[in-house]
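S.K.: To start, I am sharing the structure in question, which I have written as structure tokens.
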Protein chains: 2
Amino acid sequence: MMTETAELAPDPVSDRVLRSFAGYALKRASNAVQADLVRTLEPFGLRMITFTALLLIVENPDLSQTQLAGVLAVERSNLVTIVDELEQAGWIARGQSPRDRRSHALRATSAGERLCTAARRAVEAHEARLFSSIGADGKAMLVNALGLVENAGNKLPVGANSGAAR
Amino acid sequence: MMTETAELAPDPVSDRVLRSFAGYALKRASNAVQADLVRTLEPFGLRMITFTALLLIVENPDLSQTQLAGVLAVERSNLVTIVDELEQAGWIARGQSPRDRRSHALRATSAGERLCTAARRAVEAHEARLFSSIGADGKAMLVNALGLVENAGNKLPVGANSGAAR
DNA sequence: TATTGTTATACTCTATAACTATA
DNA sequence: TATAGTTATAGAGTATAACAATA
């Protein structure tokens, strides 16, 4: 049964304190953008991480898995599944490195290159859609500000917090 | 054994295409800020989600779990663990609602209120630390831009993507 | 019949340890 | 001895279905 809406005021839950935190706005915006990006990539059979991996392989042919894991900030062990996924779909191939028989030389197939181009166009359209409301300079300023914030976050390693009770 | 660094140029992996996407900058900044926030809350015995829940309970006494799940954008089933965690630490109590014997009236204990105040101060310091590099107006503009982007993302529901091959 | 809190379950992401084959 | 790729596994976070008590 529905709850009574007229009798007692619905008393909307206040989240104003939460909204006073910029980190909260950052997380909400990031979530919304990622969600739209997932929807954008879905029709291509790509996840965010497989799209990113494919893009990097196309741009950097004969990349090794360790190198790729490094740029993607993913554990090498977890990269295996990602590369498997792309290889089984026929979009990339694990070639053999001429210098080191342990390492794989990742290279996109022509199907993979075509898919990458198409997906990239869709992602660019997604970006245009989501960031159009703030204009070109707004976007540039936003990206610049985000870079500064990211650096500030990564600068302070572990112990820099104020003392706290429990 | 180390790989040869002089003989062959290390050939740094190019991620410039990736960096041309604003959504990527957004995700990186968000991750960095969330990571620092986790470190900030750890000494208080709080996770991000339990801190947020506690804050909302303090600000909205006698909140029900369904209401809280709504603001937090969390499934009711998953909220159970969160509320358990706060209750077992003695920071909130599941009171009984006078009107509906099914629902709980969540209320912070005095220990919970003290903890919330202290944690909130630490989070405010964390915010000041991370956003100081862009100044007060920069922060205001950032929050404003993020709100616009979030709205743009949430506006377009499901089918609004450009057609895509597979 | 619908809703609140709850349990159980599953699926994705991520992190760690250990193995193999090469170096 | 160290590194590349791999497997197995475990932990978070999140989503769905079903149940008992109550409305």
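Within each chain, counting starts at residue 1; across the structure tokens, chains are named A, B, ... in the order shown, with ligands numbered 1 upward in that order.
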Could you list, as a PyMOL selection string, every residue of chain A that has an atom within 9 Å of an atom of chain D, counting only C-alpha atoms (C1' of nucleotides)?
M.R.: chain A and resi 1+64-66+76-77+80+101-104
S.K.: May I have the residues within 10 Å of Glu87 in chain B as number ranges by chain, using only C-alpha atoms (C1' of nucleotides) and disregarding those fewer than 3 positions away in the same chain?
M.R.: B: 81-84, 90-94, 106-109, 112
S.K.: What lies within 12 Å of range 150-156 of chain A using only C-alpha atoms (C1' of nucleotides), ignoring chain neighbours under 5 positions off, as a PyMOL selection string?
M.R.: (chain A and resi 23+26+143-145+161) or (chain B and resi 24-40+126-134)
S.K.: Hey, which of B:Arg121, B:Gln96, B:Val149, B:Ala105 ends up closest to chain A? Count only C-alpha atoms.
M.R.: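 The closest residue to chain A is B:Val149.
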S.K.: What residues in chain C lie within 9 Å of chain A, counting only C-alpha atoms (C1' of nucleotides), written as a ChimeraX atom specification?
M.R.: /C:1-3,14-15,21-23
S.K.: Work out how far CA of Val58 in chain A is from CA of Leu46 in chain A, in Å to one decimal.
M.R.: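 Between these atoms lies a distance of 14.8 Å.
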S.K.: Give the strand (DSSP E) residues of chain A, as assigned by DSSP on the backbone, as a PyMOL selection string.
M.R.: chain A and resi 92-96+104-108
S.K.: Got time to write the residues from that selection, N, CA, C and O atoms, as an mmCIF file, in the first residue's frame?
M.R.:
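So the final result, stored in selection-v1.cif, reads:
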data_model
loop_
_atom_site.group_PDB
_atom_site.id
_atom_site.type_symbol
_atom_site.label_atom_id
_atom_site.label_comp_id
_atom_site.auth_asym_id
_atom_site.auth_seq_id
_atom_site.Cartn_x
_atom_site.Cartn_y
_atom_site.Cartn_z
ATOM 1 N N ILE A 92 41.949 -8.506 -31.443
ATOM 2 C CA ILE A 92 43.401 -8.379 -31.285
ATOM 3 C C ILE A 92 44.015 -9.776 -31.391
ATOM 4 O O ILE A 92 43.295 -10.775 -31.354
ATOM 5 N N ALA A 93 45.346 -9.837 -31.523
ATOM 6 C CA ALA A 93 46.042 -11.119 -31.525
ATOM 7 C C ALA A 93 47.251 -11.027 -30.612
ATOM 8 O O ALA A 93 47.863 -9.958 -30.493
ATOM 9 N N ARG A 94 47.547 -12.151 -29.924
ATOM 10 C CA ARG A 94 48.759 -12.221 -29.119
ATOM 11 C C ARG A 94 49.880 -12.698 -30.037
ATOM 12 O O ARG A 94 50.041 -13.899 -30.234
ATOM 13 N N GLY A 95 50.635 -11.772 -30.591
ATOM 14 C CA GLY A 95 51.765 -12.165 -31.425
ATOM 15 C C GLY A 95 52.960 -12.509 -30.561
ATOM 16 O O GLY A 95 52.955 -12.247 -29.351
ATOM 17 N N GLN A 96 53.987 -13.103 -31.155
ATOM 18 C CA GLN A 96 55.175 -13.406 -30.357
ATOM 19 C C GLN A 96 56.211 -12.320 -30.544
ATOM 20 O O GLN A 96 56.456 -11.857 -31.663
ATOM 21 N N HIS A 104 54.207 -11.294 -24.896
ATOM 22 C CA HIS A 104 53.336 -11.225 -26.060
ATOM 23 C C HIS A 104 53.396 -9.844 -26.691
ATOM 24 O O HIS A 104 53.502 -8.846 -25.985
ATOM 25 N N ALA A 105 53.326 -9.807 -28.023
ATOM 26 C CA ALA A 105 53.242 -8.529 -28.727
ATOM 27 C C ALA A 105 51.792 -8.360 -29.172
ATOM 28 O O ALA A 105 51.344 -9.007 -30.111
ATOM 29 N N LEU A 106 51.083 -7.494 -28.479
ATOM 30 C CA LEU A 106 49.647 -7.326 -28.747
ATOM 31 C C LEU A 106 49.446 -6.431 -29.971
ATOM 32 O O LEU A 106 50.080 -5.378 -30.098
ATOM 33 N N ARG A 107 48.555 -6.857 -30.848
ATOM 34 C CA ARG A 107 48.324 -6.100 -32.068
ATOM 35 C C ARG A 107 46.866 -6.246 -32.458
ATOM 36 O O ARG A 107 46.285 -7.337 -32.370
ATOM 37 N N ALA A 108 46.259 -5.140 -32.862
ATOM 38 C CA ALA A 108 44.851 -5.193 -33.270
ATOM 39 C C ALA A 108 44.717 -5.820 -34.652
ATOM 40 O O ALA A 108 45.572 -5.617 -35.512
#
S.K.: Between C1' of DT20 in chain C and CA of Arg99 in chain A, what is the distance, to one decimal in Å?
M.R.: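 Between C1' of DT20 in chain C and CA of Arg99 in chain A the gap works out to 19.0 Å.
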S.K.: When DSSP is applied to the backbone of this structure, which of chain A are assigned alpha helix (DSSP H)? Write them out as a ChimeraX atom specification.
M.R.: /A:16-19,22-41,48-59,65-72,76-88,110-131,135-155
S.K.: Pick from B:Thr117, B:Ser97, B:Ser14, B:Gln88: nearest to chain A, with only C-alpha atoms counted?
M.R.: B:Ser14
S.K.: In Å, with one decimal, what is the gap from CA of Glu124 in chain A to CA of Ala22 in chain A?
M.R.: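 A separation of 26.5 Å between them.
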